[in-house]
Amino acid sequence: MAQAGTLKKKDFVSDQIVRWCPGCGDYAILSAIQGTMPQLGFEKEKIVFISGIGCSSRFPYYMDTYGFHTIHGRAPSIASGLKLANPDLSIWMITGDGDGLSIGGNHLLHLLRRNLDINVILFNNRIYGLTKGQYSPTSETGKKTKSSPMGSMETPVNPIRFALASEAGFVARTYDANPKHMQETFLQAAAYKGTSFVEVYQNCVIFNKDAFDDFYTRKVRDDAMIHLQEGEPLIFGSEEKKGVFLEGLDPVVRSIDENTDHTGLLTHHPENKSRHYSNILAEMDYPDFPVPVGVFRKVERPTYESELYAQIDRAKSAKGEGKLEDLFREGDTWEVK
Amino acid sequence: MADVKARDTIAQATIRFAGDSGDGMQLTGTQFTNTSAVIGNDISTFPDFPAEIRAPAGTVPGVSGFQVHIASQDIHTPGDRPDVLVAMNPAALKANIGDLINGGLLILNTDSFTKSNYKKAEYGDVDPLNDTSLDKYRTVKIPITDLTHRAVEGTGLNKKQADRCKNLFALGIVYYLYDRPLEITLDWIEHKFAGKTEIIAANQAALKAGYNFADTAEIFTTHYSVPEADLDKGNYRSITGNSAVAMGFVAASKLANKTLFYGSYPITPASDVLHELARFRHFGVVTFQAEDEIAAVGSAIGAAYGGALALTGTSGPGLCLKAEAVGLAIMTELPLVILDVQRAGPSTGMPTKTEQSDLLQAMYGRNGDSPLVVLAPATPGECFDFAVEASRIALEHMTPVILLTDGYLGNGSEPWQIPDLDSLKPFNLPASPDPETFQPYNRNPETLARSWVVPGQKGMEHRIGGLEKEDVTGNVCYDPDNHQLMTDIRKDKVARVANSIPHLEVYGDADADVLVLGWGGTYGSLLTSIEQLNKDGKKVAGAHFRYLNPFPANTKELLSRYKKVIVAELNTGQLDVMIRSQFVIDTIPYFKVQGKPFQMSELTEFISQHL
């Protein structure tokens with residue numbers, strides 16, 4: 001049996017037939033995660049995949065690790081209980097835009113706020129796939145689907161802003177068209193002590209085909225996306241270079257040449273505690289802005305489980321290890337002779 | 001000096017303290033209970049309080065009551081109607097006077113019988129203190145507030161603080177009336193207000209002053225002594241059902257040698273179990289206050305998957321929300337205990353009032369054929385035993401178990417014989433399987449329990465989930481025959497729990513033709529009623545279910561011995577439906593849904609009609 005350090009990608013491929021639609025973005029994400037696993041330094045039996053319901057949530061069946069395909073929206077609660085029962089595990093929660101932000105929005109909020117050391121990967125295809133094509137909470141306003149033949153009337157939720165508002169300490173975005181970027185992002189998520197939230201733009205070939213093609217294909221991405229790099233200025237563009245500058249409280253895009261004054265040009269610091277900067281990035285969207293991908297925010301704070309077990313240790317040193325005979329005799333007791 | 005007043009020895013008494021919810025009546029009742037228990041009486045209590053934390057002061061909805069039954073014999077209920085009613089204001093009088101026995105003793109705090117308080121209690125033009133409505137009681141009018149103020153003079157308390165001591169003055173009066181020592185409460189005051197010298201002095205002064213006032217003012221012609229009860233030898237404490245459940249879970253975690261995980265969302269009347277367990281960090285107890293009921297059960301399922309003794313607790317509306325997740329635990333065959341401290345429903349219902357109306361929800365309230373084990377302790381003390389038993393069954397049989405208590409058991413208290421640690425048997429958990437032959441849905445041939453292999457165990461990585469599983473391998477499977485097989489196995493697995501539980505026992509007259517069936521928290525009322533009927537020479541027997549799914553193995557045979565079967569429960573016929581459908585017998589139902597326990601008088605009257 002392979003040990004941590006000698007594990008290969010194939011060690012994480014289960015014997016189950018993968019049943020996503022041909023061409024689905026989920027295949028690329030699965031492959032990237034299987035490729036990430038040997039780099040974690042965890043024994044295989046210490047890795048667990050927990051999912052909710054939806055196309056993406058079939059994920060655990062395809063990983064040769066421990067896995068739990070749970071119920072719609074509730075994966076955060078099940079992952080939380082598991083982490084508290086065994087804090088030594090590397091827990092990966094797989095969810096989607098419907099599972100994580102619609103039916104499970106409440107649970108996701110609280111997981112992020114509590115900061116258990118769990119890696120959350122949210123596949124965002126901006127559509128309900130498994131139920132065959134209704135609009136999702138991330139679908140754009142006006143989206144025509146089977147359940148919105150005249151167009152959706154709803155304002156979509158921005159997953160990155162949701163995570164930031166939920167006090168997430170690690171917030172990132174990657175996309176299924178870039179395996180290398182996915183692996184780098186997943187590895188950073190794994191390294192973060194606390195809940196890490198990763199949005200993955202994922203193409204649903206059947207119900208929302210090419211939803212991200214305007215900005216994420218090889219051909220256009222250099223001009224339409226910005227790959228965030230720690231310590232680097234927010235500059236993008238294949239031929240003509242452009243930068244993201246701050247004017248007052250708002251970002252603006254300006255062309256850059258050798259004569260440009262760099263005053264106000266933003267530099268990427270994900271460890272910046274101020275949320276203002278993270279929010280500026282989160283609000284940037286195509287076509288007015290390049291779509292940022294990479295780590296938006298990385299700010300450490302104590303994990304829930306470390307605080308919990310510290311309380312247990314403190315209680316034990318203050319009161320001694322609990323004994324049933326003392327528990328039974330708490331308060332007034334009397335003897336009948 | 002010889003006591004010149006008469007002191008009668010009596011076998012039992014029922015006392016109700018009633019006042020505004022800010023008057024400290026729960027505390028007063030609890031102190032009276034503890035003192036009575038410590039001096040050797042059998043006790044049984046029934047707190048009755050409003051759902052509002054502070055309903056408008058002085059109003060009837062804001063009345064809080066605490067009834068305690070003390071006796072020199074074995075008792076099983078907090079008593080039907082009080083012999084003594086302490087009413088701290090007009091609203092308390094209005095809400096409770098109808099229950100006081102004719103000729104009962106009524107102690108009133110006359111200081112609060114003001115015009116404005118009459119108005120708040122909506123008395124209209126009636127003035128009960130000056131008309132004939134209280135003539136059938138022995139009414140004692142005492143200016144408790146004023147006397148309390150005088151008693152605490154010199155302790156430095158302001159008027160408002162002094163007001164708060166009046167419940168202890170009232171308690172002092174009742175301590176005198178029933179010849180109780182003050183020391184236990186005096187000690188408790190010192191402990192409770194440690195560091196606050198003035199408050200300790202004032203509360204102790206109020207308690208003593210009440211006692212002395214009752215003694216010297218000669219307001220009572222008689223006072224009473226209730227001798228020690230003849231309880232089994234051993235060490236005792238007073239216990240409520242909720243704290244008994246919490247202790248039972250801690251004991252179970254020791255017996256199973258597993259971390260106790262309790263995921264819960266605050267809900268009346270189950271929150272006290274969360275509060276209790278949260279105090280036990282030094283036992284390694286993990287309590288998780290989840291964001292909602294669904295997350296509470298979800299976290300417990302996650303903890304069960306991770307190898308903990310996993311528990312969640314709630315009340316009726318919360319059980320509805322947990323239903324889907326409980327189905328997941330059934331499908332994945334994980335050990336899980338779901339505590340439901342039942343309250344009056346449907347919907348929000350009457351959160352602080354008791355009822356037994358979640359039985360069918362516990363049995364059937366999920367999608368698909370989804371059997372699980374249902375247990376219901378019969379007394380506050382049994383809540384301990386059944387918390388242990390529910391945990392044992394969940395772990396040994398790899399199944400969710402619903403533990404049904406209720407507000408009456410949860411908040412009621414009784415003396416509890418502290419168990420001998422040796423009497424608690426470690427659970428019989430199966431050894432970990434061999435990784436070479438491991439399959440997720442391999443089963444123990446006797447119990448049909450699958451193996452509990454948890455993340456972290458090497459070489460047995462596998463996947464589970466809510467989709468139907470293939471027998472043995474646990475792979476996702478839509479095969480029709482497999483679904484039939486797995487559905488049958490899940491049913492059979494729960495049915496086989498009957499092999500490890502005790503038979504149903506009969507109490508009462510051995511030659512009776514009439515059997516009264518009950519379940520859960522109504523035991524005390526039913527037992528007392530049947531004992532009374534037997535004493536009166538009437539032939540009737542009772543049997544009480546603690547195991548509701550599966551029923552004890554001898555149930556069918558036992559029922560067949562009787563000509564008539566009465567089913568008494570605090571709902572509109574839920575056990576009755578189960579008995580009729582499973583055993584195809586006719587029954588005589590007796591139902592009550594008033595948010596209150598059965599009264600012995602109504603039970604004996606009903607049962608008598610069928611003898």
# chains A, B, ... in the order shown; residues from 1 in each chain; ligands from 1
$ residues_around --residues "Ser423 of chain B" --least-positions-apart "5" --cutoff "12 Å" --atoms "only C-alpha atoms" --output "PyMOL selection string"
chain B and resi 251+255+385+418
$ interface_residues --of "chain A" --to "chain B" --cutoff "6 Å" --atoms "only C-alpha atoms" --output "VMD selection string"
chain A and resid 45 to 46 65 to 70 77 to 82 85 312 315 to 316 321 to 322 333 to 337
$ atom_distance --atom1 "atom CA of Lys119 of chain B" --atom2 "atom CA of Gly58 of chain B"
8.8 Å
$ select_by_dssp --residues "segment 513-589 of chain B" --states "helix (DSSP H, G or I)" --output "ChimeraX atom specification"
/B:520-535,555-560,574-583
$ write_last_selection --atoms "C-alpha atoms" --output "short mmCIF file (atom, residue, chain, number, x, y, z; two decimals), in the first residue's frame"
data_model
loop_
_atom_site.label_atom_id
_atom_site.label_comp_id
_atom_site.auth_asym_id
_atom_site.auth_seq_id
_atom_site.Cartn_x
_atom_site.Cartn_y
_atom_site.Cartn_z
CA GLY B 520 -43.52 7.31 28.11
CA GLY B 521 -44.16 10.08 30.60
CA THR B 522 -47.68 9.10 31.68
CA TYR B 523 -46.43 6.13 33.68
CA GLY B 524 -46.66 7.82 37.09
CA SER B 525 -50.28 8.86 36.56
CA LEU B 526 -51.31 5.46 35.19
CA LEU B 527 -49.52 3.48 37.88
CA THR B 528 -50.98 5.59 40.67
CA SER B 529 -54.47 5.32 39.20
CA ILE B 530 -54.29 1.56 38.79
CA GLU B 531 -52.85 1.10 42.28
CA GLN B 532 -55.73 3.18 43.63
CA LEU B 533 -58.31 1.15 41.72
CA ASN B 534 -56.75 -2.10 42.93
CA LYS B 535 -56.86 -0.76 46.49
CA THR B 555 -46.51 -7.84 23.23
CA LYS B 556 -48.91 -9.79 21.05
CA GLU B 557 -49.20 -12.67 23.47
CA LEU B 558 -49.63 -10.32 26.42
CA LEU B 559 -52.41 -8.35 24.75
CA SER B 560 -54.24 -11.56 23.88
CA GLN B 574 -51.01 7.51 18.22
CA LEU B 575 -50.00 4.44 20.22
CA ASP B 576 -53.58 3.38 19.63
CA VAL B 577 -53.05 3.44 15.85
CA MET B 578 -49.91 1.35 16.24
CA ILE B 579 -51.54 -1.20 18.52
CA ARG B 580 -54.61 -1.54 16.32
CA SER B 581 -52.62 -1.86 13.10
CA GLN B 582 -49.88 -4.16 14.35
CA PHE B 583 -52.00 -6.48 16.48
#
$ atom_distance --atom1 "atom CA of Ser21 of chain B" --atom2 "atom CA of Ala121 of chain B"
13.6 Å
$ select_by_dssp --residues "segment 190-297 of chain B" --states "strand (DSSP E or B)" --output "PDB file with N, CA and C atoms, in the first residue's frame"
ATOM      1  N   THR B 222     -52.309  24.448  62.856  1.00  0.00           N
ATOM      2  CA  THR B 222     -51.632  23.160  62.804  1.00  0.00           C
ATOM      3  C   THR B 222     -50.446  23.282  61.869  1.00  0.00           C
ATOM      4  N   HIS B 223     -49.392  22.587  62.170  1.00  0.00           N
ATOM      5  CA  HIS B 223     -48.418  22.363  61.114  1.00  0.00           C
ATOM      6  C   HIS B 223     -48.116  20.881  61.012  1.00  0.00           C
ATOM      7  N   TYR B 224     -47.395  20.532  59.973  1.00  0.00           N
ATOM      8  CA  TYR B 224     -47.381  19.117  59.580  1.00  0.00           C
ATOM      9  C   TYR B 224     -45.975  18.567  59.516  1.00  0.00           C
ATOM     10  N   SER B 225     -45.892  17.281  59.769  1.00  0.00           N
ATOM     11  CA  SER B 225     -44.623  16.645  59.460  1.00  0.00           C
ATOM     12  C   SER B 225     -44.902  15.480  58.508  1.00  0.00           C
ATOM     13  N   GLY B 234     -29.711   3.332  49.627  1.00  0.00           N
ATOM     14  CA  GLY B 234     -28.739   3.810  48.648  1.00  0.00           C
ATOM     15  C   GLY B 234     -28.579   5.308  48.729  1.00  0.00           C
ATOM     16  N   ASN B 235     -27.774   5.830  47.832  1.00  0.00           N
ATOM     17  CA  ASN B 235     -27.548   7.268  47.765  1.00  0.00           C
ATOM     18  C   ASN B 235     -28.449   7.872  46.698  1.00  0.00           C
ATOM     19  N   TYR B 236     -28.998   9.027  47.033  1.00  0.00           N
ATOM     20  CA  TYR B 236     -29.973   9.658  46.148  1.00  0.00           C
ATOM     21  C   TYR B 236     -29.593  11.096  45.856  1.00  0.00           C
ATOM     22  N   ARG B 237     -30.137  11.573  44.753  1.00  0.00           N
ATOM     23  CA  ARG B 237     -30.182  13.005  44.498  1.00  0.00           C
ATOM     24  C   ARG B 237     -31.485  13.280  43.776  1.00  0.00           C
ATOM     25  N   SER B 238     -31.847  14.551  43.705  1.00  0.00           N
ATOM     26  CA  SER B 238     -33.034  14.919  42.950  1.00  0.00           C
ATOM     27  C   SER B 238     -32.592  15.148  41.503  1.00  0.00           C
ATOM     28  N   ILE B 239     -33.427  14.728  40.564  1.00  0.00           N
ATOM     29  CA  ILE B 239     -32.999  14.841  39.170  1.00  0.00           C
ATOM     30  C   ILE B 239     -34.196  15.179  38.268  1.00  0.00           C
ATOM     31  N   THR B 240     -33.955  16.014  37.264  1.00  0.00           N
ATOM     32  CA  THR B 240     -34.980  16.252  36.241  1.00  0.00           C
ATOM     33  C   THR B 240     -34.690  15.335  35.062  1.00  0.00           C
ATOM     34  N   LEU B 260     -18.269  11.992  23.084  1.00  0.00           N
ATOM     35  CA  LEU B 260     -19.683  12.381  23.014  1.00  0.00           C
ATOM     36  C   LEU B 260     -19.789  13.643  22.165  1.00  0.00           C
ATOM     37  N   PHE B 261     -20.583  13.564  21.109  1.00  0.00           N
ATOM     38  CA  PHE B 261     -20.855  14.736  20.272  1.00  0.00           C
ATOM     39  C   PHE B 261     -22.338  15.037  20.348  1.00  0.00           C
ATOM     40  N   TYR B 262     -22.676  16.263  20.748  1.00  0.00           N
ATOM     41  CA  TYR B 262     -24.088  16.658  20.820  1.00  0.00           C
ATOM     42  C   TYR B 262     -24.280  17.904  19.966  1.00  0.00           C
ATOM     43  N   GLY B 263     -24.937  17.735  18.828  1.00  0.00           N
ATOM     44  CA  GLY B 263     -25.241  18.864  17.953  1.00  0.00           C
ATOM     45  C   GLY B 263     -26.680  19.269  18.185  1.00  0.00           C
ATOM     46  N   SER B 264     -26.913  20.537  18.492  1.00  0.00           N
ATOM     47  CA  SER B 264     -28.274  20.922  18.817  1.00  0.00           C
ATOM     48  C   SER B 264     -28.503  22.392  18.515  1.00  0.00           C
ATOM     49  N   VAL B 286     -18.115  17.181  23.334  1.00  0.00           N
ATOM     50  CA  VAL B 286     -18.184  18.192  22.288  1.00  0.00           C
ATOM     51  C   VAL B 286     -19.648  18.582  22.107  1.00  0.00           C
ATOM     52  N   THR B 287     -19.985  19.824  22.465  1.00  0.00           N
ATOM     53  CA  THR B 287     -21.321  20.332  22.150  1.00  0.00           C
ATOM     54  C   THR B 287     -21.161  21.324  21.011  1.00  0.00           C
ATOM     55  N   PHE B 288     -22.084  21.267  20.091  1.00  0.00           N
ATOM     56  CA  PHE B 288     -22.014  22.132  18.910  1.00  0.00           C
ATOM     57  C   PHE B 288     -23.375  22.793  18.752  1.00  0.00           C
ATOM     58  N   GLN B 289     -23.423  24.089  19.008  1.00  0.00           N
ATOM     59  CA  GLN B 289     -24.685  24.815  18.811  1.00  0.00           C
ATOM     60  C   GLN B 289     -24.762  25.188  17.338  1.00  0.00           C
TER      61      GLN B 289
END
$ residues_around --residues "segment 562-566 of chain B" --least-positions-apart "5" --cutoff "8 Å" --atoms "only C-alpha atoms" --output "ChimeraX atom specification"
/B:512-517,586-590,607
$ residues_around --residues "Gly474 of chain B" --least-positions-apart "5" --cutoff "6 Å" --atoms "only C-alpha atoms" --output "short mmCIF file (atom, residue, chain, number, x, y, z; two decimals) with C-alpha atoms, in the first residue's frame"
data_model
loop_
_atom_site.label_atom_id
_atom_site.label_comp_id
_atom_site.auth_asym_id
_atom_site.auth_seq_id
_atom_site.Cartn_x
_atom_site.Cartn_y
_atom_site.Cartn_z
CA PRO B 440 -18.94 -1.42 3.64
CA TYR B 441 -22.26 -3.29 3.82
CA LYS B 469 -26.62 1.03 -1.94
#
$ residues_around --residues "Ala256 of chain B" --least-positions-apart "3" --cutoff "9 Å" --atoms "only C-alpha atoms" --output "ChimeraX atom specification"
/B:251-253,259,309,391-392,395,426-429
$ residues_around --residues "Met37 of chain A" --least-positions-apart "2" --cutoff "12 Å" --atoms "only C-alpha atoms" --output "PyMOL selection string"
chain A and resi 4-13+30-35+39-49+63-65+90-92+183-184+186-187+190
$ residues_around --residues "Ala55 of chain B" --least-positions-apart "4" --cutoff "12 Å" --atoms "only C-alpha atoms" --output "list in words"
Asp20, Ser21, Gly22, Phe49, Pro50, Ala51, Thr59, Val60, Pro61, Gly62, Val63, Ser64, Ala91 and Lys120 of chain B
$ closest_residue --among "A:Lys219, A:Arg126, A:Lys209, A:Lys319" --to "Glu140 of chain A" --atoms "only C-alpha atoms"
A:Arg126
$ decode --residues "segment 71-108 of chain A" --atoms "C-alpha atoms" --output "compact mmCIF listing (two decimals), in the first residue's frame"
# COMPACT_ATOMS: atom_id res chain seq x y z
CA ILE A 71 -28.18 15.47 1.19
CA HIS A 72 -29.00 18.68 -0.59
CA GLY A 73 -27.29 21.70 0.90
CA ARG A 74 -26.26 20.03 4.15
CA ALA A 75 -22.69 19.00 3.39
CA PRO A 76 -21.27 21.87 5.53
CA SER A 77 -22.98 20.54 8.64
CA ILE A 78 -21.88 16.96 8.05
CA ALA A 79 -18.33 18.06 7.28
CA SER A 80 -18.34 20.17 10.47
CA GLY A 81 -19.43 17.26 12.67
CA LEU A 82 -16.81 15.02 11.08
CA LYS A 83 -14.04 17.58 11.59
CA LEU A 84 -15.00 18.03 15.25
CA ALA A 85 -15.07 14.27 15.79
CA ASN A 86 -11.66 13.87 14.14
CA PRO A 87 -9.69 17.10 13.60
CA ASP A 88 -6.78 15.16 12.03
CA LEU A 89 -8.63 14.55 8.77
CA SER A 90 -8.15 16.50 5.54
CA ILE A 91 -11.75 17.29 4.63
CA TRP A 92 -12.85 18.46 1.20
CA MET A 93 -16.39 19.65 0.70
CA ILE A 94 -17.70 19.56 -2.83
CA THR A 95 -20.72 21.68 -3.62
CA GLY A 96 -22.34 23.63 -6.42
CA ASP A 97 -24.04 26.98 -6.94
CA GLY A 98 -27.45 25.50 -6.13
CA ASP A 99 -26.33 23.17 -3.33
CA GLY A 100 -24.05 25.70 -1.67
CA LEU A 101 -25.75 29.01 -2.29
CA SER A 102 -29.45 28.17 -2.58
CA ILE A 103 -30.65 25.30 -0.41
CA GLY A 104 -27.42 25.24 1.60
CA GLY A 105 -26.66 28.96 1.73
CA ASN A 106 -27.33 29.16 5.44
CA HIS A 107 -24.99 26.29 6.29
CA LEU A 108 -22.23 27.59 4.06
